[in-house]
Amino acid sequence: MAALYEKIMATQLKIKEENEIIGFGIGAPMGNINKGTIEYPANLPWKGIIPLADVFKLHTNLPVNVTNDANAAAVGEMIYGGAKNMKNFVVITLGTGLGSGFVIDGKLLYGHDGFAGELGHTAIRPGPSTVSATAVGKDVSKHMYQPQVLKGLF
């Protein structure tokens, strides 16, 4: 973490005249904006709850926020991308898993626990799951334009 911070600050010195770093935003699978943690990521080698913001804060006095990677993508699309000037939209991501970020009335939907709208962790059948969101997402992406095949997945 220290090496990453040093690299960021070295870059800051190079671009200081044009930009100033005022804080850090980290988008990660299962990132919890309320706690600054990554919680039980199914497709990463880390286990349990990782206090990522606290670890990063050991190296800086600047604000550090951790959020879900799909929510970060939704904010990016709202500010800089295809959803600029849109008030209501959904971003769906497929990477380390199947993720989503919902924007309603121009505000990102977090819910009470920071995980609202997580399509990758939606129960399709009652009971425990034996398939990760990544497996479902990759299978869905293979057949994206074949609705008759999608019915068989669920």
# chains A, B, ... in the order shown; residues from 1 in each chain; ligands from 1

$ residues_around --residues "stretch 69-73 of chain A" --least-positions-apart "2" --cutoff "9 Å" --atoms "only C-alpha atoms" --output "MDAnalysis selection string"
chainID A and resid 25:31 66:67 75:78 91:94 98:103 108:110 118

$ write_last_selection --atoms "N, CA and C atoms" --output "mmCIF file, in the first residue's frame"
data_model
loop_
_atom_site.group_PDB
_atom_site.id
_atom_site.type_symbol
_atom_site.label_atom_id
_atom_site.label_comp_id
_atom_site.auth_asym_id
_atom_site.auth_seq_id
_atom_site.Cartn_x
_atom_site.Cartn_y
_atom_site.Cartn_z
ATOM 1 N N GLY A 25 -10.541 7.862 -4.125
ATOM 2 C CA GLY A 25 -11.734 7.051 -4.296
ATOM 3 C C GLY A 25 -11.322 5.701 -4.855
ATOM 4 N N ILE A 26 -11.752 4.653 -4.201
ATOM 5 C CA ILE A 26 -11.380 3.293 -4.596
ATOM 6 C C ILE A 26 -12.647 2.508 -4.904
ATOM 7 N N GLY A 27 -12.747 1.996 -6.120
ATOM 8 C CA GLY A 27 -13.859 1.130 -6.498
ATOM 9 C C GLY A 27 -13.380 -0.310 -6.477
ATOM 10 N N ALA A 28 -14.070 -1.160 -5.745
ATOM 11 C CA ALA A 28 -13.648 -2.560 -5.599
ATOM 12 C C ALA A 28 -14.870 -3.468 -5.500
ATOM 13 N N PRO A 29 -14.732 -4.722 -5.954
ATOM 14 C CA PRO A 29 -15.849 -5.657 -5.785
ATOM 15 C C PRO A 29 -16.223 -5.775 -4.315
ATOM 16 N N MET A 30 -17.498 -5.651 -4.035
ATOM 17 C CA MET A 30 -18.046 -5.732 -2.673
ATOM 18 C C MET A 30 -17.529 -4.613 -1.757
ATOM 19 N N GLY A 31 -17.152 -3.471 -2.370
ATOM 20 C CA GLY A 31 -16.746 -2.314 -1.576
ATOM 21 C C GLY A 31 -17.950 -1.711 -0.870
ATOM 22 N N VAL A 66 -14.104 4.129 -0.135
ATOM 23 C CA VAL A 66 -14.166 2.855 -0.848
ATOM 24 C C VAL A 66 -15.628 2.625 -1.208
ATOM 25 N N THR A 67 -15.877 2.230 -2.437
ATOM 26 C CA THR A 67 -17.235 1.918 -2.857
ATOM 27 C C THR A 67 -17.209 0.704 -3.770
ATOM 28 N N VAL A 75 -21.080 6.296 -11.389
ATOM 29 C CA VAL A 75 -20.742 7.703 -11.145
ATOM 30 C C VAL A 75 -19.889 8.240 -12.296
ATOM 31 N N GLY A 76 -18.929 7.430 -12.747
ATOM 32 C CA GLY A 76 -18.099 7.843 -13.874
ATOM 33 C C GLY A 76 -18.916 8.087 -15.131
ATOM 34 N N GLU A 77 -19.866 7.205 -15.406
ATOM 35 C CA GLU A 77 -20.735 7.380 -16.577
ATOM 36 C C GLU A 77 -21.610 8.620 -16.426
ATOM 37 N N MET A 78 -22.068 8.894 -15.210
ATOM 38 C CA MET A 78 -22.932 10.040 -14.964
ATOM 39 C C MET A 78 -22.165 11.360 -15.151
ATOM 40 N N VAL A 91 -26.085 0.936 -14.727
ATOM 41 C CA VAL A 91 -24.838 0.472 -15.331
ATOM 42 C C VAL A 91 -24.665 -0.981 -14.908
ATOM 43 N N ILE A 92 -24.411 -1.852 -15.882
ATOM 44 C CA ILE A 92 -24.149 -3.260 -15.590
ATOM 45 C C ILE A 92 -22.710 -3.544 -15.966
ATOM 46 N N THR A 93 -21.968 -4.136 -15.043
ATOM 47 C CA THR A 93 -20.561 -4.454 -15.279
ATOM 48 C C THR A 93 -20.370 -5.965 -15.275
ATOM 49 N N LEU A 94 -19.397 -6.401 -16.031
ATOM 50 C CA LEU A 94 -19.028 -7.808 -16.062
ATOM 51 C C LEU A 94 -17.514 -7.862 -16.046
ATOM 52 N N LEU A 98 -20.595 -10.124 -11.777
ATOM 53 C CA LEU A 98 -21.682 -9.373 -12.394
ATOM 54 C C LEU A 98 -22.085 -8.286 -11.414
ATOM 55 N N GLY A 99 -21.979 -7.035 -11.821
ATOM 56 C CA GLY A 99 -22.279 -5.937 -10.913
ATOM 57 C C GLY A 99 -23.228 -4.950 -11.543
ATOM 58 N N SER A 100 -23.755 -4.041 -10.727
ATOM 59 C CA SER A 100 -24.671 -3.028 -11.239
ATOM 60 C C SER A 100 -24.670 -1.812 -10.325
ATOM 61 N N GLY A 101 -24.906 -0.676 -10.938
ATOM 62 C CA GLY A 101 -25.057 0.571 -10.208
ATOM 63 C C GLY A 101 -26.309 1.267 -10.694
ATOM 64 N N PHE A 102 -27.215 1.591 -9.792
ATOM 65 C CA PHE A 102 -28.492 2.223 -10.135
ATOM 66 C C PHE A 102 -28.456 3.705 -9.766
ATOM 67 N N VAL A 103 -28.832 4.558 -10.705
ATOM 68 C CA VAL A 103 -28.956 5.989 -10.442
ATOM 69 C C VAL A 103 -30.421 6.354 -10.625
ATOM 70 N N LEU A 108 -26.973 8.166 -6.832
ATOM 71 C CA LEU A 108 -26.631 6.755 -6.776
ATOM 72 C C LEU A 108 -27.399 6.087 -5.647
ATOM 73 N N LEU A 109 -27.979 4.930 -5.916
ATOM 74 C CA LEU A 109 -28.752 4.191 -4.928
ATOM 75 C C LEU A 109 -27.813 3.271 -4.143
ATOM 76 N N TYR A 110 -27.677 3.525 -2.839
ATOM 77 C CA TYR A 110 -26.824 2.703 -1.981
ATOM 78 C C TYR A 110 -27.629 1.776 -1.077
ATOM 79 N N GLU A 118 -27.438 -4.749 -6.161
ATOM 80 C CA GLU A 118 -26.386 -5.684 -6.580
ATOM 81 C C GLU A 118 -26.986 -6.856 -7.336
#

$ atom_distance --atom1 "atom CA of A:Ala42" --atom2 "atom CA of A:Lys7"
28.6 Å

$ select_by_dssp --residues "stretch 13-109 of chain A" --states "strand (DSSP E or B)" --output "PyMOL selection string"
chain A and resi 24-28+31-32+37-39+49-50+64-68+89-94+98-104+107-108

$ write_last_selection --atoms "N, CA, C and O atoms" --output "compact mmCIF listing (two decimals), in the first residue's frame"
# COMPACT_ATOMS: atom_id res chain seq x y z
N PHE A 24 -8.95 10.28 -2.17
CA PHE A 24 -8.82 9.05 -2.92
C PHE A 24 -10.16 8.33 -2.95
O PHE A 24 -10.83 8.20 -1.93
N GLY A 25 -10.54 7.86 -4.13
CA GLY A 25 -11.73 7.05 -4.30
C GLY A 25 -11.32 5.70 -4.85
O GLY A 25 -10.59 5.63 -5.84
N ILE A 26 -11.75 4.65 -4.20
CA ILE A 26 -11.38 3.29 -4.60
C ILE A 26 -12.65 2.51 -4.90
O ILE A 26 -13.52 2.38 -4.05
N GLY A 27 -12.75 2.00 -6.12
CA GLY A 27 -13.86 1.13 -6.50
C GLY A 27 -13.38 -0.31 -6.48
O GLY A 27 -12.37 -0.64 -7.11
N ALA A 28 -14.07 -1.16 -5.74
CA ALA A 28 -13.65 -2.56 -5.60
C ALA A 28 -14.87 -3.47 -5.50
O ALA A 28 -15.91 -3.04 -5.01
N GLY A 31 -17.15 -3.47 -2.37
CA GLY A 31 -16.75 -2.31 -1.58
C GLY A 31 -17.95 -1.71 -0.87
O GLY A 31 -18.99 -1.49 -1.49
N ASN A 32 -17.82 -1.44 0.42
CA ASN A 32 -18.91 -0.88 1.22
C ASN A 32 -18.62 0.58 1.51
O ASN A 32 -17.72 0.90 2.29
N THR A 37 -14.84 -0.62 3.58
CA THR A 37 -14.32 -1.99 3.59
C THR A 37 -14.65 -2.72 2.29
O THR A 37 -15.52 -2.30 1.54
N ILE A 38 -13.94 -3.81 2.07
CA ILE A 38 -14.32 -4.78 1.04
C ILE A 38 -14.80 -5.99 1.83
O ILE A 38 -14.07 -6.51 2.69
N GLU A 39 -16.02 -6.44 1.55
CA GLU A 39 -16.65 -7.46 2.39
C GLU A 39 -16.91 -8.76 1.64
O GLU A 39 -17.72 -8.80 0.73
N ILE A 49 -13.61 -9.49 5.87
CA ILE A 49 -13.80 -8.05 5.70
C ILE A 49 -12.44 -7.37 5.73
O ILE A 49 -11.69 -7.50 6.70
N ILE A 50 -12.12 -6.66 4.66
CA ILE A 50 -10.83 -5.97 4.53
C ILE A 50 -11.06 -4.49 4.76
O ILE A 50 -11.79 -3.84 4.00
N VAL A 64 -10.32 9.19 2.20
CA VAL A 64 -10.30 7.95 1.42
C VAL A 64 -11.70 7.35 1.47
O VAL A 64 -12.25 7.14 2.54
N ASN A 65 -12.26 7.09 0.29
CA ASN A 65 -13.58 6.46 0.20
C ASN A 65 -13.47 5.18 -0.61
O ASN A 65 -12.81 5.16 -1.66
N VAL A 66 -14.10 4.13 -0.13
CA VAL A 66 -14.17 2.85 -0.85
C VAL A 66 -15.63 2.63 -1.21
O VAL A 66 -16.51 2.82 -0.37
N THR A 67 -15.88 2.23 -2.44
CA THR A 67 -17.24 1.92 -2.86
C THR A 67 -17.21 0.70 -3.77
O THR A 67 -16.15 0.26 -4.22
N ASN A 68 -18.36 0.21 -4.07
CA ASN A 68 -18.50 -0.90 -5.00
C ASN A 68 -18.03 -0.46 -6.38
O ASN A 68 -18.33 0.64 -6.82
N PHE A 89 -30.76 5.75 -14.68
CA PHE A 89 -30.13 4.75 -15.53
C PHE A 89 -29.51 3.65 -14.67
O PHE A 89 -29.39 3.79 -13.45
N VAL A 90 -29.12 2.57 -15.31
CA VAL A 90 -28.45 1.44 -14.67
C VAL A 90 -27.18 1.14 -15.44
O VAL A 90 -27.20 1.11 -16.67
N VAL A 91 -26.09 0.94 -14.73
CA VAL A 91 -24.84 0.47 -15.33
C VAL A 91 -24.66 -0.98 -14.91
O VAL A 91 -24.78 -1.31 -13.72
N ILE A 92 -24.41 -1.85 -15.88
CA ILE A 92 -24.15 -3.26 -15.59
C ILE A 92 -22.71 -3.54 -15.97
O ILE A 92 -22.27 -3.20 -17.06
N THR A 93 -21.97 -4.14 -15.04
CA THR A 93 -20.56 -4.45 -15.28
C THR A 93 -20.37 -5.97 -15.27
O THR A 93 -21.09 -6.70 -14.59
N LEU A 94 -19.40 -6.40 -16.03
CA LEU A 94 -19.03 -7.81 -16.06
C LEU A 94 -17.51 -7.86 -16.05
O LEU A 94 -16.85 -7.47 -17.00
N LEU A 98 -20.59 -10.12 -11.78
CA LEU A 98 -21.68 -9.37 -12.39
C LEU A 98 -22.08 -8.29 -11.41
O LEU A 98 -22.45 -8.58 -10.27
N GLY A 99 -21.98 -7.04 -11.82
CA GLY A 99 -22.28 -5.94 -10.91
C GLY A 99 -23.23 -4.95 -11.54
O GLY A 99 -23.49 -4.98 -12.75
N SER A 100 -23.75 -4.04 -10.73
CA SER A 100 -24.67 -3.03 -11.24
C SER A 100 -24.67 -1.81 -10.33
O SER A 100 -24.43 -1.92 -9.12
N GLY A 101 -24.91 -0.68 -10.94
CA GLY A 101 -25.06 0.57 -10.21
C GLY A 101 -26.31 1.27 -10.69
O GLY A 101 -26.47 1.47 -11.90
N PHE A 102 -27.21 1.59 -9.79
CA PHE A 102 -28.49 2.22 -10.14
C PHE A 102 -28.46 3.71 -9.77
O PHE A 102 -28.10 4.04 -8.63
N VAL A 103 -28.83 4.56 -10.71
CA VAL A 103 -28.96 5.99 -10.44
C VAL A 103 -30.42 6.35 -10.63
O VAL A 103 -31.03 6.06 -11.65
N ILE A 104 -30.99 6.97 -9.59
CA ILE A 104 -32.40 7.37 -9.60
C ILE A 104 -32.47 8.84 -9.20
O ILE A 104 -31.90 9.23 -8.18
N LYS A 107 -29.18 10.46 -8.35
CA LYS A 107 -28.44 10.05 -7.15
C LYS A 107 -28.19 8.55 -7.19
O LYS A 107 -29.08 7.77 -7.53
N LEU A 108 -26.97 8.17 -6.83
CA LEU A 108 -26.63 6.75 -6.78
C LEU A 108 -27.40 6.09 -5.65
O LEU A 108 -27.49 6.62 -4.54

$ atom_distance --atom1 "atom CA of A:Ala116" --atom2 "atom CA of A:Pro51"
20.1 Å

$ atom_distance --atom1 "atom CA of A:Leu52" --atom2 "atom CA of A:Gln12"
21.4 Å

$ select_by_dssp --residues "stretch 7-126 of chain A" --states "helix (DSSP H, G or I)" --output "ChimeraX atom specification"
/A:7-15,52-57,69-80,119-121

$ closest_residue --among "A:Pro41, A:Ala74, A:Leu58, A:Gly48" --to "A:Gly120" --atoms "only C-alpha atoms"
A:Pro41

$ residues_around --residues "A:Leu62" --least-positions-apart "2" --cutoff "9 Å" --atoms "only C-alpha atoms" --output "list in words"
Ile21, Ile22, Gly23, Phe24, Lys57, Thr60 and Val64 of chain A

$ closest_residue --among "A:Gly106, A:Met1, A:Tyr40, A:Lys16" --to "A:Ala53" --atoms "only C-alpha atoms"
A:Met1

$ decode --residues "stretch 60-72 of chain A" --atoms "all heavy atoms" --output "PDB file, in the first residue's frame"
ATOM      1  N   THR A  60      -1.812   8.470   4.391  1.00  0.00           N
ATOM      2  CA  THR A  60      -2.245   9.795   3.936  1.00  0.00           C
ATOM      3  C   THR A  60      -3.183  10.433   4.951  1.00  0.00           C
ATOM      4  O   THR A  60      -3.848   9.736   5.715  1.00  0.00           O
ATOM      5  CB  THR A  60      -2.952   9.710   2.561  1.00  0.00           C
ATOM      6  OG1 THR A  60      -3.280  11.030   2.137  1.00  0.00           O
ATOM      7  CG2 THR A  60      -4.212   8.863   2.621  1.00  0.00           C
ATOM      8  N   ASN A  61      -3.208  11.754   4.939  1.00  0.00           N
ATOM      9  CA  ASN A  61      -4.183  12.500   5.737  1.00  0.00           C
ATOM     10  C   ASN A  61      -5.370  12.934   4.890  1.00  0.00           C
ATOM     11  O   ASN A  61      -6.291  13.564   5.388  1.00  0.00           O
ATOM     12  CB  ASN A  61      -3.525  13.737   6.361  1.00  0.00           C
ATOM     13  CG  ASN A  61      -2.508  13.349   7.410  1.00  0.00           C
ATOM     14  OD1 ASN A  61      -2.707  12.386   8.144  1.00  0.00           O
ATOM     15  ND2 ASN A  61      -1.410  14.077   7.471  1.00  0.00           N
ATOM     16  N   LEU A  62      -5.334  12.607   3.599  1.00  0.00           N
ATOM     17  CA  LEU A  62      -6.426  12.968   2.703  1.00  0.00           C
ATOM     18  C   LEU A  62      -7.606  12.012   2.898  1.00  0.00           C
ATOM     19  O   LEU A  62      -7.422  10.880   3.343  1.00  0.00           O
ATOM     20  CB  LEU A  62      -5.944  12.908   1.252  1.00  0.00           C
ATOM     21  CG  LEU A  62      -4.857  13.915   0.881  1.00  0.00           C
ATOM     22  CD1 LEU A  62      -4.324  13.628  -0.523  1.00  0.00           C
ATOM     23  CD2 LEU A  62      -5.385  15.340   0.973  1.00  0.00           C
ATOM     24  N   PRO A  63      -8.823  12.443   2.541  1.00  0.00           N
ATOM     25  CA  PRO A  63      -9.986  11.555   2.647  1.00  0.00           C
ATOM     26  C   PRO A  63      -9.847  10.339   1.723  1.00  0.00           C
ATOM     27  O   PRO A  63      -9.305  10.448   0.620  1.00  0.00           O
ATOM     28  CB  PRO A  63     -11.158  12.427   2.183  1.00  0.00           C
ATOM     29  CG  PRO A  63     -10.668  13.826   2.172  1.00  0.00           C
ATOM     30  CD  PRO A  63      -9.175  13.783   2.063  1.00  0.00           C
ATOM     31  N   VAL A  64     -10.318   9.187   2.198  1.00  0.00           N
ATOM     32  CA  VAL A  64     -10.300   7.949   1.421  1.00  0.00           C
ATOM     33  C   VAL A  64     -11.697   7.351   1.465  1.00  0.00           C
ATOM     34  O   VAL A  64     -12.251   7.144   2.543  1.00  0.00           O
ATOM     35  CB  VAL A  64      -9.285   6.927   1.996  1.00  0.00           C
ATOM     36  CG1 VAL A  64      -9.322   5.632   1.195  1.00  0.00           C
ATOM     37  CG2 VAL A  64      -7.878   7.515   2.013  1.00  0.00           C
ATOM     38  N   ASN A  65     -12.264   7.090   0.289  1.00  0.00           N
ATOM     39  CA  ASN A  65     -13.580   6.457   0.202  1.00  0.00           C
ATOM     40  C   ASN A  65     -13.470   5.184  -0.613  1.00  0.00           C
ATOM     41  O   ASN A  65     -12.814   5.165  -1.659  1.00  0.00           O
ATOM     42  CB  ASN A  65     -14.602   7.380  -0.460  1.00  0.00           C
ATOM     43  CG  ASN A  65     -15.014   8.512   0.445  1.00  0.00           C
ATOM     44  OD1 ASN A  65     -15.393   8.284   1.582  1.00  0.00           O
ATOM     45  ND2 ASN A  65     -14.939   9.722  -0.049  1.00  0.00           N
ATOM     46  N   VAL A  66     -14.104   4.129  -0.135  1.00  0.00           N
ATOM     47  CA  VAL A  66     -14.166   2.855  -0.848  1.00  0.00           C
ATOM     48  C   VAL A  66     -15.628   2.625  -1.208  1.00  0.00           C
ATOM     49  O   VAL A  66     -16.508   2.816  -0.366  1.00  0.00           O
ATOM     50  CB  VAL A  66     -13.656   1.690   0.033  1.00  0.00           C
ATOM     51  CG1 VAL A  66     -13.852   0.351  -0.660  1.00  0.00           C
ATOM     52  CG2 VAL A  66     -12.194   1.900   0.397  1.00  0.00           C
ATOM     53  N   THR A  67     -15.877   2.230  -2.437  1.00  0.00           N
ATOM     54  CA  THR A  67     -17.235   1.918  -2.857  1.00  0.00           C
ATOM     55  C   THR A  67     -17.209   0.704  -3.770  1.00  0.00           C
ATOM     56  O   THR A  67     -16.149   0.262  -4.216  1.00  0.00           O
ATOM     57  CB  THR A  67     -17.916   3.118  -3.555  1.00  0.00           C
ATOM     58  OG1 THR A  67     -19.313   2.847  -3.696  1.00  0.00           O
ATOM     59  CG2 THR A  67     -17.308   3.404  -4.916  1.00  0.00           C
ATOM     60  N   ASN A  68     -18.363   0.207  -4.071  1.00  0.00           N
ATOM     61  CA  ASN A  68     -18.505  -0.901  -4.997  1.00  0.00           C
ATOM     62  C   ASN A  68     -18.033  -0.465  -6.379  1.00  0.00           C
ATOM     63  O   ASN A  68     -18.330   0.642  -6.819  1.00  0.00           O
ATOM     64  CB  ASN A  68     -19.982  -1.318  -5.022  1.00  0.00           C
ATOM     65  CG  ASN A  68     -20.244  -2.450  -5.961  1.00  0.00           C
ATOM     66  OD1 ASN A  68     -20.313  -2.240  -7.158  1.00  0.00           O
ATOM     67  ND2 ASN A  68     -20.370  -3.632  -5.421  1.00  0.00           N
ATOM     68  N   ASP A  69     -17.308  -1.326  -7.095  1.00  0.00           N
ATOM     69  CA  ASP A  69     -16.757  -0.956  -8.401  1.00  0.00           C
ATOM     70  C   ASP A  69     -17.840  -0.612  -9.421  1.00  0.00           C
ATOM     71  O   ASP A  69     -17.666   0.301 -10.238  1.00  0.00           O
ATOM     72  CB  ASP A  69     -15.811  -2.023  -8.932  1.00  0.00           C
ATOM     73  CG  ASP A  69     -16.391  -3.426  -8.972  1.00  0.00           C
ATOM     74  OD1 ASP A  69     -17.485  -3.658  -8.426  1.00  0.00           O
ATOM     75  OD2 ASP A  69     -15.732  -4.306  -9.537  1.00  0.00           O
ATOM     76  N   ALA A  70     -18.963  -1.299  -9.393  1.00  0.00           N
ATOM     77  CA  ALA A  70     -20.042  -0.985 -10.340  1.00  0.00           C
ATOM     78  C   ALA A  70     -20.670   0.369 -10.011  1.00  0.00           C
ATOM     79  O   ALA A  70     -21.044   1.123 -10.922  1.00  0.00           O
ATOM     80  CB  ALA A  70     -21.101  -2.086 -10.326  1.00  0.00           C
ATOM     81  N   ASN A  71     -20.775   0.707  -8.735  1.00  0.00           N
ATOM     82  CA  ASN A  71     -21.282   2.029  -8.361  1.00  0.00           C
ATOM     83  C   ASN A  71     -20.307   3.113  -8.810  1.00  0.00           C
ATOM     84  O   ASN A  71     -20.719   4.177  -9.279  1.00  0.00           O
ATOM     85  CB  ASN A  71     -21.510   2.117  -6.853  1.00  0.00           C
ATOM     86  CG  ASN A  71     -22.722   1.336  -6.406  1.00  0.00           C
ATOM     87  OD1 ASN A  71     -23.559   0.955  -7.208  1.00  0.00           O
ATOM     88  ND2 ASN A  71     -22.815   1.071  -5.120  1.00  0.00           N
ATOM     89  N   ALA A  72     -19.011   2.845  -8.672  1.00  0.00           N
ATOM     90  CA  ALA A  72     -18.007   3.806  -9.140  1.00  0.00           C
ATOM     91  C   ALA A  72     -18.128   4.000 -10.650  1.00  0.00           C
ATOM     92  O   ALA A  72     -18.014   5.118 -11.154  1.00  0.00           O
ATOM     93  CB  ALA A  72     -16.609   3.324  -8.761  1.00  0.00           C
TER      94      ALA A  72
END
